[in-house]
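Novice: This is query-v7.txt, which holds compact mmCIF, C-alpha atoms and all ligand atoms:
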# COMPACT_ATOMS: atom_id res chain seq x y z
CA MET A 249 -69.57 163.66 -94.14
CA SER A 250 -70.20 164.37 -97.84
CA LYS A 251 -73.46 166.14 -98.51
CA GLY A 252 -76.02 163.82 -100.05
CA VAL A 253 -74.26 160.59 -99.07
CA THR A 254 -75.84 159.36 -95.85
CA PRO A 255 -77.81 156.17 -95.44
CA TRP A 256 -80.98 158.14 -94.82
CA GLU A 257 -80.76 161.07 -97.22
CA PHE A 258 -79.34 159.73 -100.45
CA GLU A 259 -79.38 162.22 -103.34
CA LEU A 260 -78.12 160.63 -106.51
CA GLU A 261 -77.57 163.86 -108.43
CA HIS A 262 -74.73 164.69 -106.05
CA ILE A 263 -72.87 161.47 -106.67
CA ASP A 264 -69.57 161.74 -108.44
CA TYR A 265 -67.85 158.36 -108.19
CA ALA A 266 -64.29 159.61 -108.65
CA ARG A 267 -64.88 162.13 -105.89
CA ILE A 268 -66.43 159.47 -103.66
CA ILE A 269 -63.39 157.22 -104.04
CA GLN A 270 -61.12 160.07 -103.06
CA GLU A 271 -63.22 161.53 -100.29
CA PHE A 272 -64.18 158.25 -98.65
CA GLY A 273 -60.70 156.78 -98.92
CA LEU A 274 -61.89 153.84 -101.06
CA GLN A 275 -59.72 151.97 -103.52
CA PRO A 276 -60.76 151.88 -107.18
CA MET A 277 -61.58 148.42 -108.57
CA THR A 278 -58.56 147.89 -110.84
CA SER A 279 -58.08 145.56 -113.77
CA GLU A 280 -55.22 143.88 -111.80
CA LEU A 281 -57.69 142.85 -109.10
CA LEU A 282 -60.26 141.70 -111.64
CA LYS A 283 -57.65 139.53 -113.36
CA ARG A 284 -57.14 137.65 -110.08
CA MET A 285 -60.77 136.47 -110.09
CA LYS A 286 -61.18 132.91 -111.34
CA SER A 287 -64.58 133.72 -112.74
CA SER A 288 -66.30 137.06 -113.00
CA HIS A 289 -69.77 138.52 -112.82
CA ARG A 290 -71.09 141.18 -115.19
CA LEU A 291 -71.14 143.73 -112.35
CA PHE A 292 -67.35 143.41 -112.10
CA LYS A 293 -66.76 143.16 -115.85
CA ARG A 294 -68.84 146.25 -116.58
CA GLN A 295 -67.27 148.32 -113.76
CA ILE A 296 -70.62 148.70 -112.01
CA ILE A 297 -68.65 147.57 -108.97
CA PHE A 298 -66.34 150.55 -109.03
CA ALA A 299 -64.53 150.60 -105.69
CA HIS A 300 -63.63 148.49 -102.66
CA ARG A 301 -62.00 148.26 -99.30
CA ASP A 302 -59.67 145.28 -98.81
CA PHE A 303 -61.17 143.24 -101.65
CA ASP A 304 -57.68 141.75 -102.04
CA ARG A 305 -58.27 139.89 -98.75
CA ILE A 306 -61.22 138.11 -100.37
CA LEU A 307 -59.16 137.28 -103.45
CA ASP A 308 -56.36 135.96 -101.21
CA ALA A 309 -58.87 133.70 -99.45
CA GLN A 310 -60.21 132.46 -102.78
CA GLU A 311 -56.73 131.71 -104.07
CA LYS A 312 -55.82 129.81 -100.91
CA GLN A 313 -59.21 128.09 -100.95
CA GLU A 314 -59.94 129.49 -97.50
CA GLN A 315 -63.38 130.29 -96.23
CA PHE A 316 -64.95 133.73 -96.57
CA VAL A 317 -68.58 134.83 -96.39
CA VAL A 318 -70.68 137.45 -98.15
CA LEU A 319 -73.14 139.58 -96.20
CA THR A 320 -75.77 142.05 -97.29
CA GLY A 321 -79.02 143.21 -95.71
CA MET A 322 -82.64 143.22 -96.86
CA MET A 323 -84.34 146.52 -96.10
CA PRO A 324 -88.14 146.06 -95.87
CA SER A 325 -88.97 149.48 -97.23
CA GLY A 326 -91.31 148.62 -100.11
CA ARG A 327 -91.65 146.93 -103.47
CA PHE A 328 -88.67 145.09 -104.99
CA HIS A 329 -87.38 146.76 -108.16
CA PHE A 330 -84.58 146.31 -110.68
CA GLY A 331 -82.24 148.34 -108.48
CA HIS A 332 -82.65 145.77 -105.69
CA LYS A 333 -82.11 142.96 -108.19
CA VAL A 334 -78.50 144.09 -108.78
CA ILE A 335 -77.34 142.93 -105.33
CA ALA A 336 -79.59 139.85 -105.31
CA ASP A 337 -77.95 138.69 -108.56
CA LEU A 338 -74.51 139.13 -107.04
CA MET A 339 -75.51 137.18 -103.93
CA ALA A 340 -76.85 134.32 -106.10
CA TRP A 341 -73.58 134.29 -108.05
CA TYR A 342 -71.38 134.11 -104.94
CA GLN A 343 -73.58 131.40 -103.45
CA GLN A 344 -73.29 129.36 -106.65
CA GLN A 345 -69.50 129.44 -106.13
CA GLY A 346 -69.96 127.78 -102.74
CA VAL A 347 -69.75 130.94 -100.61
CA MET A 348 -71.90 131.09 -97.46
CA LEU A 349 -74.31 134.06 -97.39
CA TYR A 350 -75.43 136.10 -94.39
CA ILE A 351 -78.60 138.13 -94.94
CA PRO A 352 -79.85 140.25 -92.04
CA VAL A 353 -83.36 141.61 -92.43
CA SER A 354 -83.03 145.27 -91.41
CA ASP A 355 -86.36 145.29 -89.61
CA ILE A 356 -85.05 147.15 -86.57
CA GLU A 357 -83.82 149.92 -88.87
CA ALA A 358 -87.13 149.93 -90.80
CA HIS A 359 -89.10 150.22 -87.58
CA VAL A 360 -86.91 152.54 -85.54
CA ILE A 361 -85.78 154.92 -88.28
CA ARG A 362 -88.43 154.65 -90.98
CA GLY A 363 -91.40 154.05 -88.69
CA ILE A 364 -92.66 150.93 -90.51
CA ASP A 365 -94.73 148.71 -88.21
CA LEU A 366 -93.51 145.17 -87.59
CA ASP A 367 -96.34 143.32 -89.37
CA THR A 368 -95.81 145.44 -92.47
CA CYS A 369 -92.04 144.76 -92.30
CA LYS A 370 -92.66 141.02 -92.23
CA ASP A 371 -95.15 141.18 -95.06
CA ILE A 372 -92.74 143.16 -97.25
CA ILE A 373 -89.84 140.85 -96.47
CA ILE A 374 -91.74 137.72 -97.42
CA ASN A 375 -93.60 138.97 -100.47
CA GLU A 376 -91.09 141.40 -101.90
CA TYR A 377 -87.69 140.08 -100.82
CA VAL A 378 -87.75 136.41 -99.86
CA LEU A 379 -89.87 135.37 -102.85
CA ASN A 380 -87.87 137.47 -105.31
CA TYR A 381 -84.51 136.29 -103.93
CA LEU A 382 -85.71 132.69 -104.30
CA ALA A 383 -86.94 133.40 -107.81
CA LEU A 384 -83.59 134.97 -108.70
CA GLY A 385 -81.78 131.80 -107.64
CA VAL A 386 -80.66 132.53 -104.06
CA ASP A 387 -81.04 129.44 -101.86
CA LEU A 388 -82.59 130.78 -98.64
CA VAL A 389 -83.61 127.34 -97.47
CA SER A 390 -80.33 125.51 -96.79
CA LYS A 391 -78.83 126.51 -93.44
CA ASP A 392 -75.35 125.60 -94.59
CA ARG A 393 -75.59 127.93 -97.60
CA CYS A 394 -77.38 130.92 -96.12
CA CYS A 395 -78.11 132.50 -92.75
CA LEU A 396 -81.19 134.71 -93.09
CA TYR A 397 -82.44 136.38 -89.95
CA SER A 398 -84.56 139.14 -88.48
CA GLN A 399 -82.47 141.59 -86.47
CA TRP A 400 -85.11 141.42 -83.71
CA ARG A 401 -84.62 137.68 -83.31
CA ASN A 402 -80.86 137.26 -83.51
CA ASP A 403 -79.45 137.16 -79.94
CA LEU A 404 -75.84 137.03 -81.13
CA VAL A 405 -76.31 140.27 -83.06
CA ARG A 406 -78.18 142.01 -80.27
CA ASN A 407 -75.58 141.08 -77.64
CA LEU A 408 -72.69 142.09 -79.88
CA SER A 409 -74.37 145.43 -80.61
CA PHE A 410 -74.29 146.33 -76.88
CA LYS A 411 -70.65 145.30 -76.59
CA ALA A 412 -69.87 147.41 -79.68
CA ALA A 413 -71.75 150.41 -78.27
CA SER A 414 -69.64 150.27 -75.12
CA LYS A 415 -66.53 150.98 -77.20
CA ILE A 416 -67.66 154.20 -78.90
CA THR A 417 -68.49 157.53 -77.25
CA LEU A 418 -71.43 159.78 -78.05
CA SER A 419 -69.12 162.49 -79.36
CA GLN A 420 -67.51 159.97 -81.75
CA MET A 421 -70.99 159.05 -83.01
CA HIS A 422 -71.82 162.72 -83.50
CA ALA A 423 -68.63 163.21 -85.47
CA MET A 424 -69.28 160.17 -87.69
CA TYR A 425 -73.03 160.40 -88.24
CA GLY A 426 -73.79 164.06 -87.59
CA PHE A 427 -76.85 163.30 -85.42
CA SER A 428 -78.98 166.21 -84.25
CA ASN A 429 -80.54 166.69 -80.82
CA SER A 430 -83.97 165.90 -82.26
CA ASP A 431 -82.90 162.41 -83.47
CA ASN A 432 -84.39 159.67 -81.32
CA MET A 433 -82.08 157.38 -79.34
CA GLY A 434 -83.06 154.40 -81.49
CA LYS A 435 -81.54 156.12 -84.51
CA ILE A 436 -78.38 156.86 -82.52
CA PHE A 437 -78.08 153.26 -81.30
CA PHE A 438 -79.05 151.59 -84.58
CA PRO A 439 -75.58 151.81 -86.22
CA PHE A 440 -74.34 149.33 -83.58
CA ILE A 441 -76.95 146.80 -84.73
CA ASP A 442 -75.75 147.27 -88.28
CA ALA A 443 -72.10 146.91 -87.21
CA ALA A 444 -72.99 143.78 -85.21
CA ASP A 445 -74.66 142.31 -88.32
CA ILE A 446 -71.44 142.82 -90.26
CA LEU A 447 -69.13 141.53 -87.52
CA HIS A 448 -71.07 138.61 -86.09
CA PRO A 449 -70.08 136.00 -88.75
CA GLN A 450 -66.64 136.16 -87.08
CA LEU A 451 -67.91 135.22 -83.61
CA PRO A 452 -66.79 131.82 -82.23
CA GLU A 453 -70.44 130.68 -82.45
CA ARG A 454 -70.23 131.30 -86.23
CA GLY A 455 -66.96 129.47 -86.73
CA GLY A 456 -64.57 132.25 -85.73
CA VAL A 457 -62.49 134.85 -87.50
CA LYS A 458 -62.76 134.93 -91.28
CA PRO A 459 -62.90 137.43 -94.16
CA VAL A 460 -66.34 138.97 -94.66
CA LEU A 461 -67.30 140.70 -97.91
CA VAL A 462 -70.08 143.29 -97.88
CA PRO A 463 -71.46 144.44 -101.26
CA VAL A 464 -72.97 147.84 -100.60
CA GLY A 465 -74.00 151.19 -102.06
CA VAL A 466 -71.81 154.17 -101.13
CA ASP A 467 -74.68 155.58 -99.06
CA GLN A 468 -74.10 152.76 -96.56
CA ASP A 469 -70.33 153.16 -96.32
CA ILE A 470 -70.52 154.87 -92.97
CA HIS A 471 -71.71 151.62 -91.36
CA LEU A 472 -68.72 149.85 -92.91
CA ARG A 473 -66.38 152.42 -91.44
CA LEU A 474 -67.87 151.93 -87.98
CA SER A 475 -67.59 148.12 -88.36
CA ARG A 476 -63.98 148.37 -89.52
CA ASP A 477 -63.18 150.61 -86.59
CA LEU A 478 -64.72 148.10 -84.17
CA ALA A 479 -63.41 144.82 -85.67
CA PRO A 480 -59.84 144.85 -84.22
CA ARG A 481 -61.26 145.62 -80.76
CA PHE A 482 -62.97 142.22 -80.90
CA GLY A 483 -59.93 140.44 -82.39
CA MET A 484 -61.70 140.24 -85.76
CA LEU A 485 -60.61 141.02 -89.32
CA LYS A 486 -61.80 144.32 -90.74
CA PRO A 487 -64.67 143.53 -93.10
CA SER A 488 -64.03 143.99 -96.82
CA SER A 489 -66.51 145.83 -99.01
CA ILE A 490 -67.32 146.41 -102.66
CA TYR A 491 -69.33 149.39 -103.89
CA THR A 492 -71.89 149.32 -106.66
CA LYS A 493 -73.05 152.23 -108.75
CA MET A 494 -76.75 153.00 -108.44
CA MET A 495 -79.20 152.49 -111.30
CA SER A 496 -80.94 155.72 -112.23
CA GLY A 497 -84.65 156.23 -111.78
CA LEU A 498 -86.77 156.13 -114.95
CA GLN A 499 -86.82 159.93 -115.06
CA GLY A 500 -83.13 160.04 -116.00
CA PRO A 501 -79.60 160.34 -114.65
CA GLY A 502 -79.63 162.02 -111.25
CA THR A 503 -83.06 160.63 -110.31
CA LYS A 504 -83.53 157.76 -107.91
CA MET A 505 -85.58 154.57 -108.06
CA SER A 506 -87.99 154.56 -105.18
CA SER A 507 -90.23 151.76 -103.93
CA SER A 508 -92.82 154.32 -102.87
CA LYS A 509 -92.91 156.11 -106.27
CA PRO A 510 -94.08 153.59 -108.88
CA GLU A 511 -93.28 155.92 -111.79
CA THR A 512 -89.55 155.87 -110.92
CA ALA A 513 -88.88 152.12 -111.17
CA ILE A 514 -89.94 148.85 -112.74
CA PHE A 515 -90.92 146.39 -110.01
CA LEU A 516 -90.45 142.65 -110.41
CA SER A 517 -94.16 142.30 -109.70
CA ASP A 518 -95.21 144.76 -112.44
CA SER A 519 -97.49 143.38 -115.17
CA PRO A 520 -96.10 143.30 -118.75
CA GLU A 521 -98.40 146.20 -119.72
CA VAL A 522 -97.24 148.37 -116.84
CA ALA A 523 -93.55 147.57 -117.43
CA LYS A 524 -93.90 148.35 -121.15
CA GLN A 525 -95.58 151.68 -120.47
CA LYS A 526 -92.92 152.64 -117.93
CA LEU A 527 -90.16 151.91 -120.41
CA LYS A 528 -92.03 153.80 -123.11
CA ASP A 529 -92.08 156.86 -120.85
CA ALA A 530 -88.48 156.43 -119.64
CA PHE A 531 -85.80 159.05 -120.20
CA THR A 532 -83.38 158.24 -123.03
CA GLY A 533 -80.09 159.62 -124.28
CA GLY A 534 -81.69 160.19 -127.69
CA ARG A 535 -81.33 163.41 -129.69
CA GLU A 536 -84.05 165.99 -130.33
CA THR A 537 -84.86 164.76 -133.85
CA ILE A 538 -84.42 161.58 -135.89
CA GLN A 539 -82.12 163.48 -138.26
CA GLU A 540 -79.85 164.50 -135.37
CA GLN A 541 -79.88 160.96 -133.99
CA LYS A 542 -78.79 159.62 -137.39
CA ARG A 543 -76.11 162.30 -137.78
CA MET A 544 -74.69 162.48 -134.24
CA GLY A 545 -75.66 159.11 -132.75
CA GLY A 546 -77.39 158.66 -129.37
CA GLN A 547 -75.91 158.94 -125.88
CA PRO A 548 -76.22 155.55 -124.17
CA GLU A 549 -74.07 156.78 -121.29
CA ARG A 550 -76.94 159.01 -120.14
CA CYS A 551 -79.80 156.72 -121.13
CA VAL A 552 -82.00 154.92 -118.60
CA VAL A 553 -83.12 152.34 -121.17
CA TYR A 554 -79.50 151.44 -121.83
CA GLU A 555 -78.91 151.10 -118.08
CA PHE A 556 -81.36 148.19 -118.00
CA LEU A 557 -79.14 146.34 -120.46
CA LEU A 558 -75.96 147.41 -118.70
CA PHE A 559 -77.04 146.30 -115.23
CA HIS A 560 -79.10 143.24 -116.10
CA PHE A 561 -78.80 141.65 -119.49
CA GLU A 562 -76.39 139.71 -121.64
CA ASP A 563 -73.22 141.00 -123.31
CA GLU A 564 -74.29 140.55 -126.92
CA LEU A 565 -77.46 142.65 -126.70
CA LEU A 566 -75.57 145.29 -124.74
CA GLU A 567 -72.76 145.58 -127.26
CA VAL A 568 -74.99 145.61 -130.34
CA THR A 569 -77.21 148.28 -128.80
CA TYR A 570 -74.24 150.44 -127.85
CA ASP A 571 -72.65 150.26 -131.30
CA ARG A 572 -75.86 150.87 -133.20
CA CYS A 573 -76.90 153.72 -130.90
CA LYS A 574 -73.54 155.51 -131.07
CA SER A 575 -73.34 155.18 -134.84
CA GLY A 576 -76.82 156.63 -135.36
CA ASN A 577 -78.22 153.38 -136.70
CA LEU A 578 -80.71 152.82 -133.90
CA MET A 579 -83.68 155.04 -133.04
CA CYS A 580 -84.97 155.23 -129.48
CA GLY A 581 -88.45 153.92 -130.31
CA ASP A 582 -87.03 150.74 -131.87
CA CYS A 583 -84.52 150.36 -129.06
CA LYS A 584 -87.21 150.70 -126.41
CA ALA A 585 -89.27 148.02 -128.15
CA VAL A 586 -86.35 145.55 -128.02
CA VAL A 587 -85.49 146.32 -124.36
CA SER A 588 -89.15 146.20 -123.44
CA ASP A 589 -89.47 142.78 -125.00
CA ARG A 590 -86.43 141.57 -123.04
CA VAL A 591 -87.71 143.00 -119.76
CA VAL A 592 -91.20 141.54 -120.23
CA LYS A 593 -89.76 138.07 -120.98
CA PHE A 594 -87.65 138.31 -117.85
CA LEU A 595 -90.63 139.41 -115.74
CA ALA A 596 -92.77 136.52 -117.00
CA GLU A 597 -90.03 134.07 -116.03
CA VAL A 598 -89.34 135.57 -112.62
CA GLN A 599 -93.05 135.83 -111.78
CA ARG A 600 -93.49 132.15 -112.64
CA LYS A 601 -90.56 131.28 -110.36
CA ARG A 602 -92.01 133.45 -107.58
CA GLU A 603 -95.19 131.38 -107.67
CA GLU A 604 -93.16 128.16 -107.50
CA ALA A 605 -91.07 129.60 -104.64
CA LYS A 606 -94.16 129.96 -102.43
CA SER A 607 -93.98 126.23 -101.72
CA LEU A 608 -90.50 126.80 -100.19
CA LEU A 609 -91.67 129.37 -97.63
CA PRO A 610 -92.46 126.86 -94.84
CA LYS A 611 -88.90 125.50 -95.12
CA VAL A 612 -87.44 129.02 -95.06
CA PHE A 613 -89.37 129.69 -91.83
CA GLU A 614 -88.34 126.34 -90.38
CA ASN A 615 -84.62 126.83 -91.05
CA GLN A 616 -84.10 130.57 -90.68
CA LEU A 617 -84.75 133.16 -87.96
CA LEU A 618 -87.62 135.17 -89.42
FE1 LIG A 701 -80.86 154.94 -125.38
FE2 LIG A 701 -81.43 153.14 -127.20
FE3 LIG A 701 -82.00 155.74 -127.63
FE4 LIG A 701 -79.48 154.84 -127.64
S1 LIG A 701 -81.09 154.28 -129.06
S2 LIG A 701 -80.24 156.68 -126.61
S3 LIG A 701 -79.52 153.28 -126.06
S4 LIG A 701 -82.92 154.40 -126.09
Have the structure of the file written as structure tokens, please.
Specialist:
Amino acid sequence: MSKGVTPWEFELEHIDYARIIQEFGLQPMTSELLKRMKSSHRLFKRQIIFAHRDFDRILDAQEKQEQFVVLTGMMPSGRFHFGHKVIADLMAWYQQQGVMLYIPVSDIEAHVIRGIDLDTCKDIIINEYVLNYLALGVDLVSKDRCCLYSQWRNDLVRNLSFKAASKITLSQMHAMYGFSNSDNMGKIFFPFIDAADILHPQLPERGGVKPVLVPVGVDQDIHLRLSRDLAPRFGMLKPSSIYTKMMSGLQGPGTKMSSSKPETAIFLSDSPEVAKQKLKDAFTGGRETIQEQKRMGGQPERCVVYEFLLFHFEDELLEVTYDRCKSGNLMCGDCKAVVSDRVVKFLAEVQRKREEAKSLLPKVFENQLL
């Protein structure tokens, strides 16, 4: 396995996307594939989704107006930040096109591997994930539009995980995951829960075999590979996947946003003052002096402030900022003020919607397996 690219020890500074595509045997997301999409999302248009496995199967299904589903997990590891928002936005977009969503809450993983107690997991899922997903426009209430469940409570997933485990040997798991003798057995078994999450929408109880699309970061690819290995053994289609680039932490390219390190990320629950200060302190691609910035232009491609526009905001602001920055007509202080204003407006809106979403929680609990 590539150093620095495991689900549990992700080190962004080691990530080279061209190398990942080659080493992991992914396919690059080509313009030919993008042209086949009837409508697009900014993550596709801006090449933030940079690679895939069998995405053509999803496009085939769309063209033939056949059913497919989209699945991604919620990991209750801490506060919800702009990095988490990237996938939530994509899920909302697919759901708006009539696609059924599957959202497993990775509470077994959080408990078994990360040692988070179950009450804390539930608290994080409700306050940080469910409310923010609802505020970002994902319908978690309607059973026919979304299946949201705790891994602990989903019998189909649990049963399938045991069947999946019976098909893989310990030495194969060692070869794939590189476990050590000091790893607990829960960590060694957990990948089968994850694989069962990905495969179970194809069970007869879920309507049978169908294409499944999993949007995922490259750090999670190993679970996809296990699922794809297992799928034909259950008469299922290999799941398709798309891979998103990771937003940098506020300290600059090569740093990671972390829910447990508030200085690295802007959380959707941050106050306007806190968000503004974080952006003020954020790493930019600006030059040493104003004179140099005017003469040489800035470097948006290595600027965290620019990444906020790239990953989250509208085309016009993105393009104007890029042009003015590159041509030396925009200074970082002024740019930060504009982006800050945009972020604060967004936070005010999303926080208002979070409050409104609280009234939906009883229905979420009534309809889903939490
Ligand atoms: Fe980044 Fe804006 Fe400075 Fe350009 S002007 S380097 S986009 S902060």
Novice: As an exercise, work out the distance from atom CA of Met495 of chain A to atom CA of Leu474 of chain A in Å and give it to one decimal place.
Specialist: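 Straight-line distance from atom CA of Met495 of chain A to atom CA of Leu474 of chain A works out to 25.9 Å.
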Novice: Taking into account all atoms listed in the file, which residue in the set A:Glu614, A:Asp518, A:Glu604, A:Asp582 is nearest to ligand LIG 701 (chain A)?
Specialist: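 Using all atoms listed in the file, the shortest distance to ligand LIG 701 (chain A) belongs to A:Asp582.
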Novice: Skipping near chain neighbours, those fewer than 5 positions away, what residues fall within 9 Å of His471 of chain A using only C-alpha atoms, listed as a list in words?
Specialist: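 Near neighbours after the sequence-gap exclusion: Pro255, Pro439, Phe440, Asp442, Ala443, Ile446 and Arg476 of chain A.
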Novice: Which protein, DNA or RNA residues have an atom within 7 Å of ligand LIG 701 (chain A), counting all atoms listed in the file, as a list in words?
Specialist: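 For ligand LIG 701 (chain A), the residues inside 7 Å are Thr532, Gly533, Gly534, Gly546, Gln547, Pro548, Cys551, Val552, Val553, Tyr554, Thr569, Tyr570, Cys573, Lys574, Leu578, Met579, Cys580, Gly581, Cys583 and Lys584 of chain A.
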Novice: Set the distance at 12 Å and use all atoms listed in the file: which residues neighbour Met421 of chain A once local chain neighbours fewer than 4 positions away are removed? I'd like the list as a PDB file with C-alpha atoms, in the coordinates of the input.
Specialist:
ATOM      1  CA  ALA A 413     -71.750 150.410 -78.270  1.00  0.00           C
ATOM      2  CA  SER A 414     -69.640 150.270 -75.120  1.00  0.00           C
ATOM      3  CA  LYS A 415     -66.530 150.980 -77.200  1.00  0.00           C
ATOM      4  CA  ILE A 416     -67.660 154.200 -78.900  1.00  0.00           C
ATOM      5  CA  THR A 417     -68.490 157.530 -77.250  1.00  0.00           C
ATOM      6  CA  TYR A 425     -73.030 160.400 -88.240  1.00  0.00           C
ATOM      7  CA  GLY A 426     -73.790 164.060 -87.590  1.00  0.00           C
ATOM      8  CA  PHE A 427     -76.850 163.300 -85.420  1.00  0.00           C
ATOM      9  CA  SER A 428     -78.980 166.210 -84.250  1.00  0.00           C
ATOM     10  CA  MET A 433     -82.080 157.380 -79.340  1.00  0.00           C
ATOM     11  CA  LYS A 435     -81.540 156.120 -84.510  1.00  0.00           C
ATOM     12  CA  ILE A 436     -78.380 156.860 -82.520  1.00  0.00           C
ATOM     13  CA  PHE A 437     -78.080 153.260 -81.300  1.00  0.00           C
ATOM     14  CA  PHE A 438     -79.050 151.590 -84.580  1.00  0.00           C
ATOM     15  CA  PRO A 439     -75.580 151.810 -86.220  1.00  0.00           C
ATOM     16  CA  PHE A 440     -74.340 149.330 -83.580  1.00  0.00           C
ATOM     17  CA  ILE A 470     -70.520 154.870 -92.970  1.00  0.00           C
ATOM     18  CA  HIS A 471     -71.710 151.620 -91.360  1.00  0.00           C
ATOM     19  CA  ARG A 473     -66.380 152.420 -91.440  1.00  0.00           C
ATOM     20  CA  LEU A 474     -67.870 151.930 -87.980  1.00  0.00           C
TER      21      LEU A 474
END
Novice: Can you tell me which residues surround Asn402 of chain A at a distance of at most 10 Å, considering only C-alpha atoms, apart from same-chain residues fewer than 4 positions away, and format the answer as a PDB file with C-alpha atoms, keeping the file's coordinate frame?
Specialist:
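Below you can see around-v1.pdb, which holds the result:
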ATOM      1  CA  PRO A 352     -79.850 140.250 -92.040  1.00  0.00           C
ATOM      2  CA  LEU A 396     -81.190 134.710 -93.090  1.00  0.00           C
ATOM      3  CA  TYR A 397     -82.440 136.380 -89.950  1.00  0.00           C
ATOM      4  CA  SER A 398     -84.560 139.140 -88.480  1.00  0.00           C
ATOM      5  CA  ARG A 406     -78.180 142.010 -80.270  1.00  0.00           C
ATOM      6  CA  ASN A 407     -75.580 141.080 -77.640  1.00  0.00           C
ATOM      7  CA  ASP A 445     -74.660 142.310 -88.320  1.00  0.00           C
ATOM      8  CA  LEU A 617     -84.750 133.160 -87.960  1.00  0.00           C
ATOM      9  CA  LEU A 618     -87.620 135.170 -89.420  1.00  0.00           C
TER      10      LEU A 618
END
Novice: Taking into account only C-alpha atoms, which residue in the set A:Pro480, A:Pro463, A:Gly326, A:Pro520 is nearest to Thr492 of chain A?
Specialist: A:Pro463
Novice: Need the shell around Lys411 of chain A: protein/DNA/RNA residues with any atom at most 12 Å away, counting all atoms listed in the file. Skip same-chain ones fewer than 6 positions apart. Format as JSON, numbers by chain?
Specialist: {"A": [404, 405, 437, 440, 441, 443, 444, 447, 448, 478, 479, 481, 482]}
Novice: With all atoms of segment 387-398 of chain A from the file as input, state the centre and edge lengths in Å to one decimal of the axis-aligned box that has 8 Å extra on each side, as AutoDock Vina command-line options.
Specialist:
--center_x -80.0 --center_y 132.3 --center_z -95.2 --size_x 25.2 --size_y 29.6 --size_z 29.4
Novice: Please report the interatomic distance between atom CA of Asp302 of chain A and atom CA of Leu461 of chain A in Å with one decimal.
Specialist: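 So the two atoms, atom CA of Asp302 of chain A and atom CA of Leu461 of chain A, lie 8.9 Å apart.
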Novice: Go ahead and compute the interatomic distance for atom CA of Phe328 of chain A and atom CA of Asn615 of chain A, in Å to one decimal.
Specialist: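 A separation of 23.3 Å between them.
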Novice: So which residues fall inside 7 Å of (-80.4, 158.5, -117.0) if we count only C-alpha atoms? Mind giving them as a PyMOL selection string?
Specialist: chain A and resi 496+499-502+531-532+550-552
Novice: Choose the residue, out of A:Glu357, A:Asp403, A:Asp589, A:Asp308, that has the smallest atom-to-atom separation from Leu557 of chain A; count all atoms listed in the file.
Specialist: A:Asp589
Novice: Just segment 416-427 of chain A from the block, N, CA and C atoms, as a compact mmCIF listing (two decimals), in the first residue's frame, could you?
Specialist:
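Saved to out.txt:
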# COMPACT_ATOMS: atom_id res chain seq x y z
N ILE A 416 -12.78 -14.30 2.65
CA ILE A 416 -11.43 -13.71 2.58
C ILE A 416 -10.59 -14.31 3.71
N THR A 417 -9.34 -14.65 3.41
CA THR A 417 -8.48 -15.23 4.45
C THR A 417 -7.73 -14.14 5.21
N LEU A 418 -7.20 -14.54 6.36
CA LEU A 418 -6.43 -13.58 7.17
C LEU A 418 -5.19 -13.11 6.41
N SER A 419 -4.56 -14.01 5.68
CA SER A 419 -3.35 -13.57 4.96
C SER A 419 -3.71 -12.58 3.85
N GLN A 420 -4.89 -12.75 3.22
CA GLN A 420 -5.31 -11.76 2.22
C GLN A 420 -5.54 -10.40 2.88
N MET A 421 -6.13 -10.41 4.08
CA MET A 421 -6.35 -9.14 4.80
C MET A 421 -5.03 -8.48 5.17
N HIS A 422 -4.07 -9.29 5.60
CA HIS A 422 -2.75 -8.75 5.91
C HIS A 422 -2.15 -8.09 4.68
N ALA A 423 -2.27 -8.78 3.55
CA ALA A 423 -1.66 -8.25 2.32
C ALA A 423 -2.33 -6.94 1.90
N MET A 424 -3.67 -6.86 2.08
CA MET A 424 -4.38 -5.65 1.64
C MET A 424 -4.20 -4.50 2.62
N TYR A 425 -4.35 -4.78 3.91
CA TYR A 425 -4.43 -3.70 4.90
C TYR A 425 -3.15 -3.52 5.70
N GLY A 426 -2.26 -4.49 5.64
CA GLY A 426 -1.00 -4.37 6.38
C GLY A 426 -1.19 -4.30 7.88
N PHE A 427 -2.14 -5.10 8.43
CA PHE A 427 -2.37 -5.08 9.88
C PHE A 427 -1.13 -5.57 10.63
